[in-house]
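Undergrad: Quick one: structure below, then a few questions.
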Amino acid sequence: MGGLAIREWGDPAEPGILLWPGLGATSAYFASVAEALPGRAVAVDPPGFGRSEPPHAYAYERLVEGASAAVEACACRAIVGHSLGAYLALGVATRPPAGLRAAVLIDGGFLDAEGMAELGMPTTASRAELIAWLKANTPRFPDWETAIRELAAMIGSARTPALDAYARELLIEVDGELCDPTPPDRAADLILAVLNQDVLALAQSVAVPTLLIACGLPVERRAIREKAWQPFADRSSLIELHLAENWGHNPILQDPEASSSLIAAWLRQHL
């Protein structure tokens with residue numbers, strides 16, 4: 001579909017829900033929750049990741065246009081985005097294609113470049129500095145057991161089948177170590193394209209009911225994030241804020257059952 005690879009679960013005759021993962025992730029990110037969602041789940045490999053072709057250059061408007069085209073082509077009534085994917089879902093929600101009724105932002109979409117810089121990612125520095133930071137902060141693991149154990153610790157979770165399956169699909173072996181295959185320069189270009197937006201203006205322009213799931217962990221980052229998510233949610237009566245006090249940034253992997261139940265229950269009210 002225009003170079004965009006997708007994976008589907010559910011009855012092809014049912015309306016779809018487009019699932020857009022975060023930075024470096026593929027459609028596999030949503031595998032543990034897809035069948036719990038109402039209707040047909042349609043998960044995307046974002047451009048340049050997984051099986052999807054990379055664009056000539058990343059531009060936010062083009063990414064939003066691609067997501068909107070996927071919504072229409074797959075007859076989706078809702079879009080769910082995680083992390084960086086939530087920024088794309090937000091853009092789609094401001095100019096919803098025909099048939100789109102709702103959007104869900106999973107712990108993303110509300111921070112601007114300055115907010116991300118406060119959290120430690122040099123998104124207001126040069127492209128070269130961001131690439132160097134990404135290279136230095138890409139985790140590498142000597143074996144699968146270590147990889148899955150340390151990934152679980154990173155997301156604040158016990159080892160789960162969902163995390164195990166996702167890690168085995170995502171990570172590749174390079175020079176005897178397991179690592180994320182995302183090229184740092186590609187990741188940097190995507191980050192800069194997406195974060196160079198006025199998120200408050202986008203929030204004010206939301207045109208369909210939108211659920212923002214804001215995750216409360218880790219506690220040491222809570223204050224920085226909350227000062228961004230609260231004004232974001234206040235910009236539109238169509239944005240509903242759900243504070244998940246005990247979830248970290250990856251609730252889909254940390255707690256697939258509870259996170260999918262929350263999203264499914266909210267979507268059923270709006271589809």
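We label chains A, B, ... in the order they appear in the structure tokens, count residues from 1 in each chain, and number ligands from 1 in the order shown.
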Mind listing the strand (DSSP E) residues of range 158-202 of chain A, per DSSP on the backbone, as an mmCIF file with C-alpha atoms, in the first residue's frame?
TA:
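Written file, states-v7.cif:
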data_model
loop_
_atom_site.group_PDB
_atom_site.id
_atom_site.type_symbol
_atom_site.label_atom_id
_atom_site.label_comp_id
_atom_site.auth_asym_id
_atom_site.auth_seq_id
_atom_site.Cartn_x
_atom_site.Cartn_y
_atom_site.Cartn_z
ATOM 1 C CA ILE A 172 18.963 -8.191 15.031
ATOM 2 C CA GLU A 173 22.484 -9.518 15.542
ATOM 3 C CA VAL A 174 25.363 -7.195 14.620
ATOM 4 C CA GLU A 177 25.490 -8.463 19.769
ATOM 5 C CA LEU A 178 21.738 -7.955 19.628
ATOM 6 C CA CYS A 179 20.535 -4.428 18.917
#
Undergrad: As a count of residues only, please: every residue in range 111-209 of chain A that DSSP puts in alpha helix (DSSP H).
TA: 56
Undergrad: Taking only C-alpha atoms into account, name the residue in A:Gly115, A:Pro122, A:Pro256, A:Gly216 that is nearest to Leu243 in chain A.
TA: A:Gly216
Undergrad: Skip His249 in chain A itself and residues of its chain fewer than 4 positions away, then list as a PyMOL selection string all residues within 12 Å of it, counting only C-alpha atoms.
TA: chain A and resi 22+82-84+105-108+152+154-157+213-219+221-222+225+243-245+253-255+259
Undergrad: Would you pick out the contacts of Arg77 in chain A at 10 Å or less, using only C-alpha atoms, so that residues sharing its chain but fewer than 6 positions from it are not included, and give the list as a PDB file with N, CA and C atoms, in the first residue's frame?
TA:
ATOM      1  N   PRO A  15     -15.036  -2.851  10.416  1.00  0.00           N
ATOM      2  CA  PRO A  15     -14.298  -1.582  10.328  1.00  0.00           C
ATOM      3  C   PRO A  15     -12.932  -1.710  10.998  1.00  0.00           C
ATOM      4  N   GLY A  16     -11.958  -0.955  10.499  1.00  0.00           N
ATOM      5  CA  GLY A  16     -10.602  -1.075  11.002  1.00  0.00           C
ATOM      6  C   GLY A  16     -10.227  -0.048  12.059  1.00  0.00           C
ATOM      7  N   ILE A  17      -9.163  -0.367  12.785  1.00  0.00           N
ATOM      8  CA  ILE A  17      -8.503   0.558  13.701  1.00  0.00           C
ATOM      9  C   ILE A  17      -7.037   0.585  13.294  1.00  0.00           C
ATOM     10  N   LEU A  18      -6.547   1.744  12.860  1.00  0.00           N
ATOM     11  CA  LEU A  18      -5.159   1.850  12.427  1.00  0.00           C
ATOM     12  C   LEU A  18      -4.255   2.021  13.642  1.00  0.00           C
ATOM     13  N   GLY A  39     -13.427  -4.619  16.371  1.00  0.00           N
ATOM     14  CA  GLY A  39     -13.290  -4.560  14.919  1.00  0.00           C
ATOM     15  C   GLY A  39     -12.012  -5.214  14.442  1.00  0.00           C
ATOM     16  N   ARG A  40     -11.455  -4.668  13.381  1.00  0.00           N
ATOM     17  CA  ARG A  40     -10.276  -5.218  12.710  1.00  0.00           C
ATOM     18  C   ARG A  40      -9.077  -4.322  13.001  1.00  0.00           C
ATOM     19  N   VAL A  71      -5.703   5.214   6.665  1.00  0.00           N
ATOM     20  CA  VAL A  71      -7.025   5.177   7.299  1.00  0.00           C
ATOM     21  C   VAL A  71      -8.110   4.957   6.245  1.00  0.00           C
ATOM     22  N   PRO A  96      -9.483  14.923  10.000  1.00  0.00           N
ATOM     23  CA  PRO A  96      -9.824  13.504   9.889  1.00  0.00           C
ATOM     24  C   PRO A  96     -10.345  13.135   8.503  1.00  0.00           C
ATOM     25  N   PRO A  97      -9.826  12.048   7.952  1.00  0.00           N
ATOM     26  CA  PRO A  97     -10.367  11.566   6.678  1.00  0.00           C
ATOM     27  C   PRO A  97     -11.780  11.027   6.872  1.00  0.00           C
ATOM     28  N   ALA A  98     -12.479  10.845   5.784  1.00  0.00           N
ATOM     29  CA  ALA A  98     -13.858  10.352   5.846  1.00  0.00           C
ATOM     30  C   ALA A  98     -13.919   9.045   6.615  1.00  0.00           C
ATOM     31  N   GLY A  99     -14.840   8.971   7.541  1.00  0.00           N
ATOM     32  CA  GLY A  99     -15.043   7.747   8.297  1.00  0.00           C
ATOM     33  C   GLY A  99     -14.328   7.696   9.624  1.00  0.00           C
ATOM     34  N   LEU A 100     -13.307   8.543   9.831  1.00  0.00           N
ATOM     35  CA  LEU A 100     -12.579   8.505  11.099  1.00  0.00           C
ATOM     36  C   LEU A 100     -13.416   9.127  12.205  1.00  0.00           C
ATOM     37  N   ARG A 101     -13.577   8.403  13.306  1.00  0.00           N
ATOM     38  CA  ARG A 101     -14.435   8.857  14.396  1.00  0.00           C
ATOM     39  C   ARG A 101     -13.699   9.122  15.704  1.00  0.00           C
ATOM     40  N   ALA A 102     -12.472   8.594  15.847  1.00  0.00           N
ATOM     41  CA  ALA A 102     -11.793   8.730  17.135  1.00  0.00           C
ATOM     42  C   ALA A 102     -10.294   8.501  16.972  1.00  0.00           C
ATOM     43  N   ALA A 103      -9.535   9.028  17.960  1.00  0.00           N
ATOM     44  CA  ALA A 103      -8.088   8.831  17.992  1.00  0.00           C
ATOM     45  C   ALA A 103      -7.652   8.544  19.420  1.00  0.00           C
ATOM     46  N   LEU A 267     -12.857   3.109  22.907  1.00  0.00           N
ATOM     47  CA  LEU A 267     -13.207   3.136  21.490  1.00  0.00           C
ATOM     48  C   LEU A 267     -14.655   2.705  21.257  1.00  0.00           C
ATOM     49  N   HIS A 270     -17.091   5.393  21.137  1.00  0.00           N
ATOM     50  CA  HIS A 270     -16.959   6.440  20.132  1.00  0.00           C
ATOM     51  C   HIS A 270     -17.019   5.933  18.683  1.00  0.00           C
ATOM     52  N   LEU A 271     -17.127   4.636  18.504  1.00  0.00           N
ATOM     53  CA  LEU A 271     -17.162   4.092  17.140  1.00  0.00           C
ATOM     54  C   LEU A 271     -18.605   3.787  16.709  1.00  0.00           C
TER      55      LEU A 271
END
Undergrad: Of the residues A:Leu19, A:Ala264, A:Ile239, A:Val44, which is the one nearest to Ile79 in chain A, using only C-alpha atoms?
TA: A:Leu19
Undergrad: Please list as a compact mmCIF listing (two decimals) with C-alpha atoms, in the first residue's frame every residue within 12 Å of Ala201 in chain A, counting only C-alpha atoms and excluding residues in the same chain fewer than 5 positions away.
TA:
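So the final result, stored in part-v2.txt, reads:
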# COMPACT_ATOMS: atom_id res chain seq x y z
CA LEU A 90 -2.73 13.75 16.42
CA GLY A 91 -2.16 15.20 12.97
CA THR A 94 -6.95 17.53 13.19
CA GLY A 109 1.81 13.76 21.02
CA PHE A 110 1.93 16.39 23.76
CA ASP A 112 7.46 19.66 21.90
CA VAL A 206 -8.49 18.28 17.00
CA PRO A 231 -2.09 22.31 28.85
CA PHE A 232 -2.30 20.03 25.81
CA ALA A 233 -5.47 18.33 27.07
CA ASP A 234 -6.94 21.67 28.16
CA ARG A 235 -6.76 23.02 24.61
CA SER A 236 -9.78 21.06 23.39
Undergrad: Could you give me, as a ChimeraX atom specification, the residues within 12 Å of Glu220 in chain A, counting only C-alpha atoms and dropping anything in the same chain fewer than 5 positions from it?
TA: /A:118-119,225-226,248
Undergrad: Could those selected residues go to a file with C-alpha atoms, as a PDB file, in the first residue's frame?
TA:
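Produced file part.pdb, reproduced below:
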ATOM      1  CA  GLU A 118      14.298  18.648  29.179  1.00  0.00           C
ATOM      2  CA  LEU A 119      13.937  14.881  29.390  1.00  0.00           C
ATOM      3  CA  ARG A 225       5.785  15.621  31.319  1.00  0.00           C
ATOM      4  CA  GLU A 226       2.747  16.749  33.306  1.00  0.00           C
ATOM      5  CA  GLY A 248       5.581   3.530  32.132  1.00  0.00           C
TER       6      GLY A 248
END
Undergrad: Got a sec: who's within 8 Å of Glu114 in chain A, counting only C-alpha atoms, leaving out chain neighbours fewer than 3 positions off, as a list of chain:residue names?
TA: A:Leu111, A:Ala117, A:Glu118, A:Thr123, A:Thr124
Undergrad: Between CA of Gly81 in chain A and CA of Gly120 in chain A, what is the distance in Å, rounded to a tenth?
TA: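 One can read the CA of Gly81 in chain A to CA of Gly120 in chain A distance as 22.4 Å.
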Undergrad: State, in Å with one decimal place, the distance from CA of Ala128 in chain A to CA of Pro183 in chain A.
TA: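 Going from CA of Ala128 in chain A over to CA of Pro183 in chain A, I get 13.3 Å.
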Undergrad: Go through A:Leu134, A:Arg7, A:Arg186, A:Pro161 one by one, measure the shortest atom-to-atom distance of each to Pro55 in chain A using only C-alpha atoms, and give the residue with the smallest value.
TA: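 Answer, going by the shortest atom-to-atom distance: A:Arg186.
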Undergrad: Compare A:Gly85, A:Pro251, A:Pro47, A:Pro38 by their minimum atom-to-atom distance to Glu14 in chain A, counting only C-alpha atoms, and give me the closest one.
TA: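 Using only C-alpha atoms, the shortest distance to Glu14 in chain A belongs to A:Pro38.
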